[in-house]
>>> print(open('model-v4.txt').read())   # compact mmCIF, C-alpha atoms
# COMPACT_ATOMS: atom_id res chain seq x y z
CA MET L 677 33.23 -79.09 -21.76
CA ALA L 678 33.46 -76.94 -18.62
CA ASN L 679 37.15 -76.26 -19.24
CA LEU L 680 36.42 -75.33 -22.86
CA PHE L 681 33.68 -72.92 -21.74
CA SER L 682 36.01 -71.28 -19.21
CA LEU L 683 38.66 -70.80 -21.90
CA THR L 684 36.35 -69.26 -24.47
CA MET L 685 34.28 -67.10 -22.08
CA GLN L 686 36.30 -63.91 -21.52
CA PRO L 687 35.25 -61.52 -18.75
CA ILE L 688 33.46 -58.39 -19.91
CA PRO L 689 35.54 -55.34 -18.89
CA PHE L 690 32.60 -53.75 -17.09
CA ALA L 691 34.74 -52.27 -14.32
CA ASP L 692 37.01 -50.64 -16.89
CA TRP L 693 33.99 -49.13 -18.64
CA VAL L 694 32.77 -47.60 -15.38
CA ASN L 695 36.24 -46.24 -14.54
CA ASN L 696 36.59 -44.76 -18.01
CA PHE L 697 33.16 -43.13 -17.73
CA VAL L 698 33.98 -41.59 -14.35
CA ASN L 699 37.34 -40.38 -15.69
CA TRP L 700 35.55 -38.86 -18.67
CA LEU L 701 33.18 -37.01 -16.36
CA THR L 702 36.07 -35.48 -14.43
CA GLN L 703 36.94 -33.32 -17.43
CA PHE L 704 33.77 -31.29 -16.78
CA VAL L 705 35.33 -29.85 -13.65
CA GLY L 706 33.65 -26.47 -14.07
CA PHE L 707 30.18 -28.02 -14.14
CA PHE L 708 30.76 -30.09 -11.02
CA ASN L 709 32.40 -27.15 -9.25
CA GLY L 710 29.25 -25.16 -9.96
CA ILE L 711 27.09 -27.88 -8.42
CA THR L 712 29.47 -28.03 -5.45
CA ASP L 713 29.24 -24.28 -4.92
CA PHE L 714 25.44 -24.29 -5.23
CA ILE L 715 24.89 -27.16 -2.79
CA GLY L 716 27.59 -25.77 -0.52
CA ALA L 717 25.71 -22.47 -0.36
CA ILE L 718 22.54 -24.28 0.75
CA VAL L 719 24.48 -26.26 3.36
CA ASN L 720 26.20 -23.14 4.68
CA SER L 721 22.88 -21.27 4.84
CA PHE L 722 21.22 -23.96 6.93
CA GLN L 723 24.24 -24.28 9.19
CA TRP L 724 24.52 -20.50 9.59
CA VAL L 725 20.93 -20.36 10.83
CA PHE L 726 21.44 -23.26 13.24
CA ASP L 727 24.66 -21.73 14.59
CA LEU L 728 22.94 -18.36 14.99
CA LEU L 729 20.05 -19.74 17.06
CA PRO L 730 20.66 -20.22 20.79
CA VAL L 731 20.01 -23.74 22.00
CA TRP L 732 16.97 -22.72 24.03
CA LEU L 733 15.43 -20.88 21.08
CA PHE L 734 16.05 -23.83 18.76
CA ILE L 735 14.26 -26.16 21.18
CA ILE L 736 11.34 -23.74 21.53
CA LEU L 737 11.03 -23.52 17.73
CA VAL L 738 10.99 -27.31 17.41
CA LEU L 739 8.32 -27.59 20.10
CA GLY L 740 6.31 -24.78 18.49
CA ILE L 741 6.42 -26.40 15.04
CA THR L 742 5.37 -29.73 16.54
CA TYR L 743 2.46 -28.16 18.43
CA TRP L 744 1.33 -26.26 15.34
CA ALA L 745 1.51 -29.43 13.23
CA LEU L 746 -0.33 -31.63 15.73
CA HIS L 747 -2.98 -29.34 17.23
CA ASP L 748 -3.88 -32.21 19.50
CA SER L 749 -3.43 -32.33 23.27
CA LYS L 750 -3.13 -36.13 23.05
CA HIS L 751 0.35 -35.75 21.57
CA TRP L 752 1.99 -33.89 24.42
CA GLY L 753 4.13 -36.99 24.94
CA LEU L 754 5.97 -36.28 21.68
CA MET L 755 6.76 -32.73 22.75
CA VAL L 756 8.05 -33.98 26.10
CA PHE L 757 10.20 -36.51 24.26
CA GLU L 758 11.56 -33.76 21.98
CA LEU L 759 12.41 -31.56 24.96
CA ILE L 760 14.16 -34.32 26.87
CA GLY L 761 15.90 -35.67 23.76
CA LEU L 762 17.27 -32.32 22.58
CA VAL L 763 18.41 -31.39 26.09
CA LEU L 764 20.14 -34.77 26.34
CA ILE L 765 21.93 -34.20 23.02
CA TYR L 766 23.13 -30.81 24.30
CA ASN L 767 24.16 -32.34 27.62
CA GLN L 768 26.30 -34.96 25.87
CA GLY L 769 28.14 -32.34 23.83
CA TYR L 770 26.69 -33.37 20.47
CA TRP L 771 24.64 -30.26 19.76
CA ARG L 772 26.65 -28.91 16.83
CA ASP L 773 27.11 -32.42 15.47
CA MET L 774 23.32 -32.77 15.58
CA THR L 775 22.78 -29.49 13.71
CA GLN L 776 25.36 -30.53 11.10
CA THR L 777 23.51 -33.82 10.60
CA LEU L 778 20.23 -31.91 10.40
CA THR L 779 21.80 -29.64 7.78
CA LEU L 780 22.77 -32.67 5.70
CA VAL L 781 19.28 -34.16 5.98
CA LEU L 782 17.40 -30.93 5.23
CA THR L 783 19.61 -30.10 2.25
CA SER L 784 19.17 -33.59 0.82
CA SER L 785 15.43 -33.48 1.50
CA LEU L 786 15.08 -30.12 -0.23
CA ILE L 787 16.86 -31.41 -3.33
CA ILE L 788 14.91 -34.68 -3.53
CA VAL L 789 11.63 -32.78 -3.23
CA VAL L 790 12.60 -30.32 -5.97
CA ILE L 791 13.72 -33.15 -8.28
CA GLY L 792 11.52 -36.06 -7.17
CA ILE L 793 8.04 -34.53 -7.22
CA PRO L 794 8.22 -33.09 -10.78
CA LEU L 795 9.84 -36.30 -12.01
CA GLY L 796 7.12 -38.42 -10.37
CA ILE L 797 4.43 -36.25 -11.97
CA TRP L 798 6.16 -36.57 -15.34
CA MET L 799 6.24 -40.35 -14.96
CA ALA L 800 2.51 -40.40 -14.22
CA LYS L 801 1.80 -38.30 -17.31
CA SER L 802 4.11 -40.08 -19.77
CA HIS L 803 4.38 -43.83 -20.24
CA THR L 804 7.67 -43.41 -22.12
CA VAL L 805 9.24 -41.50 -19.23
CA LYS L 806 8.00 -44.15 -16.80
CA VAL L 807 9.55 -46.96 -18.84
CA ILE L 808 12.89 -45.12 -18.91
CA VAL L 809 13.00 -43.84 -15.32
CA LYS L 810 11.67 -46.91 -13.49
CA PRO L 811 14.73 -49.16 -14.07
CA ILE L 812 16.99 -46.23 -13.16
CA LEU L 813 15.15 -45.91 -9.85
CA ASP L 814 15.52 -49.67 -9.31
CA PHE L 815 19.24 -49.31 -9.87
CA MET L 816 19.53 -46.33 -7.50
CA GLN L 817 17.54 -48.02 -4.76
CA THR L 818 19.24 -51.43 -4.82
CA MET L 819 22.86 -50.40 -5.34
CA PRO L 820 24.79 -50.55 -2.03
CA ALA L 821 25.08 -47.06 -0.61
CA PHE L 822 28.85 -47.36 -0.17
CA VAL L 823 29.29 -47.55 -3.94
CA TYR L 824 27.97 -44.00 -4.36
CA LEU L 825 30.87 -42.66 -2.29
CA ILE L 826 33.46 -43.47 -4.96
CA PRO L 827 32.16 -41.31 -7.84
CA ALA L 828 30.98 -38.68 -5.34
CA VAL L 829 34.54 -38.19 -4.12
CA ALA L 830 35.97 -38.33 -7.65
CA LEU L 831 33.59 -35.64 -8.93
CA PHE L 832 32.91 -33.48 -5.87
CA GLY L 833 35.87 -33.99 -3.54
CA ILE L 834 35.35 -34.62 0.17
CA GLY L 835 33.13 -32.90 2.69
CA MET L 836 29.43 -32.23 3.11
CA VAL L 837 28.63 -31.76 -0.60
CA PRO L 838 29.53 -35.30 -1.75
CA GLY L 839 27.69 -36.55 1.34
CA VAL L 840 24.61 -34.65 0.18
CA ILE L 841 25.00 -36.00 -3.37
CA ALA L 842 25.24 -39.61 -2.13
CA SER L 843 22.24 -39.05 0.16
CA VAL L 844 20.19 -37.59 -2.68
CA ILE L 845 20.89 -40.54 -4.98
CA PHE L 846 20.07 -43.00 -2.21
CA SER L 847 16.89 -41.28 -0.97
CA LEU L 848 15.38 -39.94 -4.22
CA PRO L 849 13.56 -43.09 -5.47
CA PRO L 850 10.82 -43.21 -2.79
CA VAL L 851 9.81 -39.61 -3.50
CA VAL L 852 9.57 -40.26 -7.24
CA ARG L 853 7.74 -43.56 -6.84
CA MET L 854 5.21 -42.31 -4.29
CA THR L 855 4.49 -39.15 -6.28
CA ASN L 856 3.92 -41.25 -9.39
CA LEU L 857 1.70 -43.63 -7.44
CA GLY L 858 -0.33 -40.83 -5.90
CA ILE L 859 -1.00 -39.14 -9.24
CA GLU L 860 -1.93 -42.43 -10.91
CA GLN L 861 -4.39 -43.29 -8.13
CA VAL L 862 -6.45 -40.13 -8.62
CA PRO L 863 -9.98 -41.36 -9.55
CA THR L 864 -10.70 -41.02 -13.25
CA ASP L 865 -14.18 -39.64 -12.58
CA LEU L 866 -12.64 -36.62 -10.89
CA ILE L 867 -10.36 -36.08 -13.86
CA GLU L 868 -13.33 -36.36 -16.20
CA ALA L 869 -15.29 -33.88 -14.08
CA ALA L 870 -12.41 -31.42 -14.25
CA ASP L 871 -12.24 -31.88 -18.02
CA SER L 872 -15.97 -31.26 -18.32
CA PHE L 873 -15.52 -27.90 -16.61
CA GLY L 874 -12.82 -26.98 -19.11
CA SER L 875 -9.85 -27.21 -16.75
CA THR L 876 -6.41 -27.00 -18.28
CA GLY L 877 -3.76 -29.62 -17.55
CA TRP L 878 -2.07 -27.28 -15.08
CA GLN L 879 -5.35 -26.55 -13.28
CA LYS L 880 -6.14 -30.25 -13.00
CA LEU L 881 -2.69 -30.89 -11.54
CA ILE L 882 -2.77 -28.09 -8.99
CA LYS L 883 -6.44 -28.20 -7.94
CA VAL L 884 -7.33 -31.88 -8.33
CA GLU L 885 -4.45 -34.32 -8.65
CA LEU L 886 -1.90 -32.93 -6.19
CA PRO L 887 -4.41 -32.32 -3.36
CA ILE L 888 -5.74 -35.88 -3.69
CA ALA L 889 -2.26 -37.39 -4.03
CA LYS L 890 -0.81 -35.28 -1.21
CA ASN L 891 -0.94 -37.97 1.49
CA THR L 892 0.87 -40.50 -0.70
CA LEU L 893 3.32 -37.84 -1.84
CA MET L 894 4.10 -36.80 1.75
CA SER L 895 4.69 -40.43 2.68
CA GLY L 896 7.35 -40.53 -0.02
CA VAL L 897 8.95 -37.35 1.32
CA ASN L 898 8.97 -38.84 4.81
CA GLN L 899 10.62 -42.04 3.54
CA GLY L 900 13.17 -40.03 1.57
CA MET L 901 14.07 -37.96 4.62
CA MET L 902 14.55 -41.08 6.73
CA LEU L 903 16.78 -42.63 4.07
CA ALA L 904 18.82 -39.43 3.90
CA LEU L 905 19.27 -39.58 7.66
CA SER L 906 20.36 -43.20 7.40
CA MET L 907 23.22 -42.06 5.16
CA VAL L 908 24.88 -39.86 7.78
CA VAL L 909 27.22 -42.56 9.06
CA ILE L 910 28.19 -43.66 5.56
CA ALA L 911 28.67 -40.06 4.40
CA SER L 912 31.07 -39.50 7.30
CA MET L 913 33.54 -41.75 5.49
CA ILE L 914 33.99 -39.03 2.84
CA GLY L 915 34.25 -36.09 5.19
CA ALA L 916 30.61 -35.26 5.98
CA VAL L 917 30.72 -34.02 9.55
CA GLY L 918 28.03 -34.57 12.15
CA LEU L 919 26.81 -37.38 14.35
CA GLY L 920 27.80 -39.92 11.72
CA SER L 921 31.45 -38.94 12.03
CA GLU L 922 31.25 -39.43 15.80
CA VAL L 923 29.92 -42.95 15.26
CA TYR L 924 32.58 -43.62 12.63
CA PHE L 925 35.40 -42.42 14.88
CA ALA L 926 34.02 -44.43 17.79
CA VAL L 927 34.16 -47.57 15.66
CA GLY L 928 37.77 -46.82 14.77
CA ARG L 929 38.68 -46.34 18.43
CA ASN L 930 36.55 -49.31 19.55
CA ASN L 931 34.73 -46.93 21.90
CA ALA L 932 31.32 -48.51 22.42
CA GLY L 933 30.13 -45.78 24.78
CA SER L 934 30.76 -42.87 22.42
CA GLY L 935 29.38 -44.81 19.47
CA PHE L 936 26.19 -45.72 21.32
CA THR L 937 25.70 -42.17 22.61
CA ALA L 938 26.12 -40.61 19.15
CA GLY L 939 23.91 -43.32 17.66
CA PHE L 940 21.25 -42.59 20.28
CA ALA L 941 21.38 -38.92 19.30
CA ILE L 942 20.73 -39.97 15.68
CA VAL L 943 17.74 -42.01 16.86
CA ILE L 944 16.32 -39.00 18.73
CA LEU L 945 16.73 -36.80 15.66
CA ALA L 946 15.19 -39.47 13.42
CA ILE L 947 12.12 -39.85 15.64
CA ILE L 948 11.59 -36.08 15.78
CA LEU L 949 11.85 -35.67 12.00
CA ASP L 950 9.64 -38.69 11.34
CA ARG L 951 6.88 -37.70 13.77
CA VAL L 952 6.84 -34.05 12.72
CA THR L 953 6.61 -34.82 8.99
CA GLN L 954 3.88 -37.38 9.68
CA ALA L 955 2.08 -34.80 11.82
CA PHE L 956 1.96 -32.35 8.94
CA ASN L 957 0.38 -35.03 6.79
CA LYS L 958 -2.18 -36.10 9.40
CA ASN L 959 -3.04 -32.52 10.25
CA LYS L 960 -4.19 -31.93 6.67
CA LYS L 961 -6.39 -35.03 6.69
CA HIS L 962 -8.72 -33.68 9.38
>>> encode(input="model-v4.txt", output="structure tokens")
Amino acid sequence: MANLFSLTMQPIPFADWVNNFVNWLTQFVGFFNGITDFIGAIVNSFQWVFDLLPVWLFIILVLGITYWALHDSKHWGLMVFELIGLVLIYNQGYWRDMTQTLTLVLTSSLIIVVIGIPLGIWMAKSHTVKVIVKPILDFMQTMPAFVYLIPAVALFGIGMVPGVIASVIFSLPPVVRMTNLGIEQVPTDLIEAADSFGSTGWQKLIKVELPIAKNTLMSGVNQGMMLALSMVVIASMIGAVGLGSEVYFAVGRNNAGSGFTAGFAIVILAIILDRVTQAFNKNKKH
């Protein structure tokens, strides 16, 4: 019976379907070139600013933003950590690699915020959209990140742009989910009160729902940014420069010292981004 089943059960050509779909997409070269140029312009703008700033001014700006976000003398330890960490990155010769990684993360974060927040709001407002989008988010979040590199290279070439695209796909779901969750958790009595005062749907969203859902929404943005940062090493495999490429090259050369040093620089950057984004959220709570 088992042999009969193996003879009659033919494999579904799923891989061929995916390859054919990707090949079909490549005919829209103009569309994908437009996306490449647009994202490339954002990447180049961020990098131009980072290259223009002297190291000392960059560090002062980071410390100033942190102080403004915290407004709490109890958190001086974080500012000391930022100072020591950024100076250490500069001392090890990874400064431009760090700014290139930061460019990748900020570009990805900007895109996931622009796409994820409206999509999360739409999901909260429409059950049909939620039913359609939710399994897509499950697919995006559970698919191994390496898989995204293949169509990214096929459609966008190599470099920072496909790295951004892969990072966006990988880090978008938390923003959408948390925005949807935050809007859905707005108390119904507040919505009813807004309706009783004759508020329009837009007024309810801007003045009631988003302010109440802001903490949950910002948690999603924080998670998305951390996931984007986690993609830097993987994105280096398709030409995205930065600290990830240093780790990747160190693995190829079996150089544990260089790999650990570049990885430690990523950890410093991750802690700074995480604490600063959390500080903005906490600052608004008080």
>>> residues_around(input="model-v4.txt", residues="range 768-774 of chain L", least_positions_apart="5", cutoff="8 Å", atoms="only C-alpha atoms", output="MDAnalysis selection string")
chainID L and resid 727 917:919 937:938 941:942 945
>>> closest_residue(input="model-v4.txt", among="L:Ala869, L:Leu886, L:Ile808, L:Ile791", to="Pro849 in chain L", atoms="all atoms listed in the file")
L:Ile791
>>> atom_distance(input="model-v4.txt", atom1="CA of Val840 in chain L", atom2="CA of Ser784 in chain L")
5.6 Å
>>> closest_residue(input="model-v4.txt", among="L:Val851, L:Ile910, L:Leu786, L:Leu881", to="Pro838 in chain L", atoms="only C-alpha atoms")
L:Ile910
>>> residues_near_point(input="model-v4.txt", point="(23.2, -29.5, 2.1)", cutoff="9 Å", atoms="all atoms listed in the file", output="list in words")
Ile715, Gly716, Ala717, Ile718, Val719, Asn720, Ser721, Phe722, Gln723, Thr779, Leu780, Val781, Leu782, Thr783, Ser784, Ser785, Leu786, Ile787, Met836, Val837, Gly839, Val840 and Ile841 of chain L
>>> decode(input="model-v4.txt", residues="range 832-955 of chain L", atoms="C-alpha atoms", output="short mmCIF file (atom, residue, chain, number, x, y, z; two decimals), in the first residue's frame")
data_model
loop_
_atom_site.label_atom_id
_atom_site.label_comp_id
_atom_site.auth_asym_id
_atom_site.auth_seq_id
_atom_site.Cartn_x
_atom_site.Cartn_y
_atom_site.Cartn_z
CA PHE L 832 16.46 44.87 -6.94
CA GLY L 833 20.03 43.74 -7.60
CA ILE L 834 22.66 43.88 -4.87
CA GLY L 835 23.54 46.60 -2.40
CA MET L 836 21.77 48.53 0.33
CA VAL L 837 18.35 48.69 -1.37
CA PRO L 838 17.65 44.93 -1.43
CA GLY L 839 18.96 44.83 2.15
CA VAL L 840 16.38 47.46 3.07
CA ILE L 841 13.63 45.55 1.23
CA ALA L 842 14.47 42.30 3.05
CA SER L 843 14.61 44.16 6.38
CA VAL L 844 11.24 45.79 5.75
CA ILE L 845 9.55 42.47 4.96
CA PHE L 846 11.10 40.87 8.03
CA SER L 847 10.37 43.72 10.48
CA LEU L 848 6.98 45.00 9.25
CA PRO L 849 4.64 42.49 11.00
CA PRO L 850 5.20 43.70 14.60
CA VAL L 851 4.33 47.28 13.65
CA VAL L 852 1.12 46.21 11.92
CA ARG L 853 0.09 43.81 14.67
CA MET L 854 0.77 46.20 17.56
CA THR L 855 -0.99 49.09 15.81
CA ASN L 856 -4.01 46.87 15.20
CA LEU L 857 -3.93 45.68 18.81
CA GLY L 858 -3.64 49.20 20.19
CA ILE L 859 -6.59 50.51 18.17
CA GLU L 860 -8.76 47.52 19.07
CA GLN L 861 -8.03 47.94 22.78
CA VAL L 862 -9.36 51.51 22.90
CA PRO L 863 -12.28 51.41 25.41
CA THR L 864 -15.66 51.43 23.70
CA ASP L 865 -17.04 53.97 26.15
CA LEU L 866 -14.52 56.52 24.91
CA ILE L 867 -15.54 55.82 21.33
CA GLU L 868 -19.19 56.22 22.28
CA ALA L 869 -18.42 59.49 24.06
CA ALA L 870 -16.66 60.79 20.96
CA ASP L 871 -19.64 59.74 18.83
CA SER L 872 -22.01 61.53 21.19
CA PHE L 873 -20.09 64.76 20.64
CA GLY L 874 -20.45 64.34 16.89
CA SER L 875 -16.82 63.48 16.13
CA THR L 876 -16.02 62.29 12.64
CA GLY L 877 -14.10 59.07 12.05
CA TRP L 878 -10.93 61.04 11.38
CA GLN L 879 -11.33 63.09 14.57
CA LYS L 880 -11.89 59.95 16.63
CA LEU L 881 -8.74 58.41 15.15
CA ILE L 882 -6.49 61.42 15.68
CA LYS L 883 -7.81 62.70 19.02
CA VAL L 884 -8.96 59.52 20.77
CA GLU L 885 -7.73 56.23 19.33
CA LEU L 886 -4.13 57.03 18.36
CA PRO L 887 -3.27 58.86 21.62
CA ILE L 888 -4.61 55.95 23.68
CA ALA L 889 -2.98 53.33 21.46
CA LYS L 890 0.32 55.22 21.25
CA ASN L 891 2.19 53.15 23.86
CA THR L 892 1.28 49.87 22.17
CA LEU L 893 2.02 51.36 18.76
CA MET L 894 5.45 52.59 19.87
CA SER L 895 6.24 49.15 21.26
CA GLY L 896 5.61 47.77 17.78
CA VAL L 897 7.90 50.38 16.24
CA ASN L 898 10.60 49.50 18.76
CA GLN L 899 10.28 45.78 17.95
CA GLY L 900 10.35 46.50 14.23
CA MET L 901 13.51 48.58 14.58
CA MET L 902 15.23 45.82 16.54
CA LEU L 903 14.26 43.24 13.93
CA ALA L 904 15.59 45.51 11.18
CA LEU L 905 18.87 45.77 13.05
CA SER L 906 19.00 42.00 13.40
CA MET L 907 18.96 41.76 9.59
CA VAL L 908 22.23 43.64 9.09
CA VAL L 909 24.41 40.53 9.06
CA ILE L 910 22.05 38.67 6.73
CA ALA L 911 21.71 41.68 4.43
CA SER L 912 25.50 41.83 4.12
CA MET L 913 25.29 38.63 2.06
CA ILE L 914 23.65 40.62 -0.76
CA GLY L 915 25.94 43.62 -0.66
CA ALA L 916 24.52 45.73 2.19
CA VAL L 917 27.57 47.37 3.71
CA GLY L 918 28.04 48.15 7.38
CA LEU L 919 28.86 46.27 10.55
CA GLY L 920 27.11 43.18 9.21
CA SER L 921 29.57 42.91 6.35
CA GLU L 922 32.46 43.08 8.83
CA VAL L 923 30.95 40.17 10.76
CA TYR L 924 30.33 38.27 7.53
CA PHE L 925 33.90 38.77 6.31
CA ALA L 926 35.27 37.79 9.71
CA VAL L 927 33.37 34.51 9.51
CA GLY L 928 34.83 33.86 6.07
CA ARG L 929 38.35 34.55 7.33
CA ASN L 930 37.75 32.66 10.60
CA ASN L 931 38.78 35.83 12.44
CA ALA L 932 37.08 35.59 15.81
CA GLY L 933 38.52 38.87 17.07
CA SER L 934 37.22 41.02 14.21
CA GLY L 935 33.87 39.25 14.23
CA PHE L 936 33.42 39.74 17.97
CA THR L 937 34.47 43.39 17.81
CA ALA L 938 32.06 44.20 14.96
CA GLY L 939 29.33 42.21 16.70
CA PHE L 940 29.96 44.16 19.91
CA ALA L 941 29.54 47.39 17.93
CA ILE L 942 26.16 46.10 16.72
CA VAL L 943 25.19 45.37 20.33
CA ILE L 944 26.12 48.92 21.37
CA LEU L 945 24.06 50.38 18.52
CA ALA L 946 21.13 48.09 19.33
CA ILE L 947 21.09 49.09 23.01
CA ILE L 948 21.22 52.80 22.13
CA LEU L 949 18.35 52.54 19.63
CA ASP L 950 16.28 50.38 21.95
CA ARG L 951 16.70 52.58 25.02
CA VAL L 952 16.14 55.84 23.15
CA THR L 953 12.93 54.65 21.46
CA GLN L 954 11.67 53.29 24.79
CA ALA L 955 12.56 56.60 26.42
#
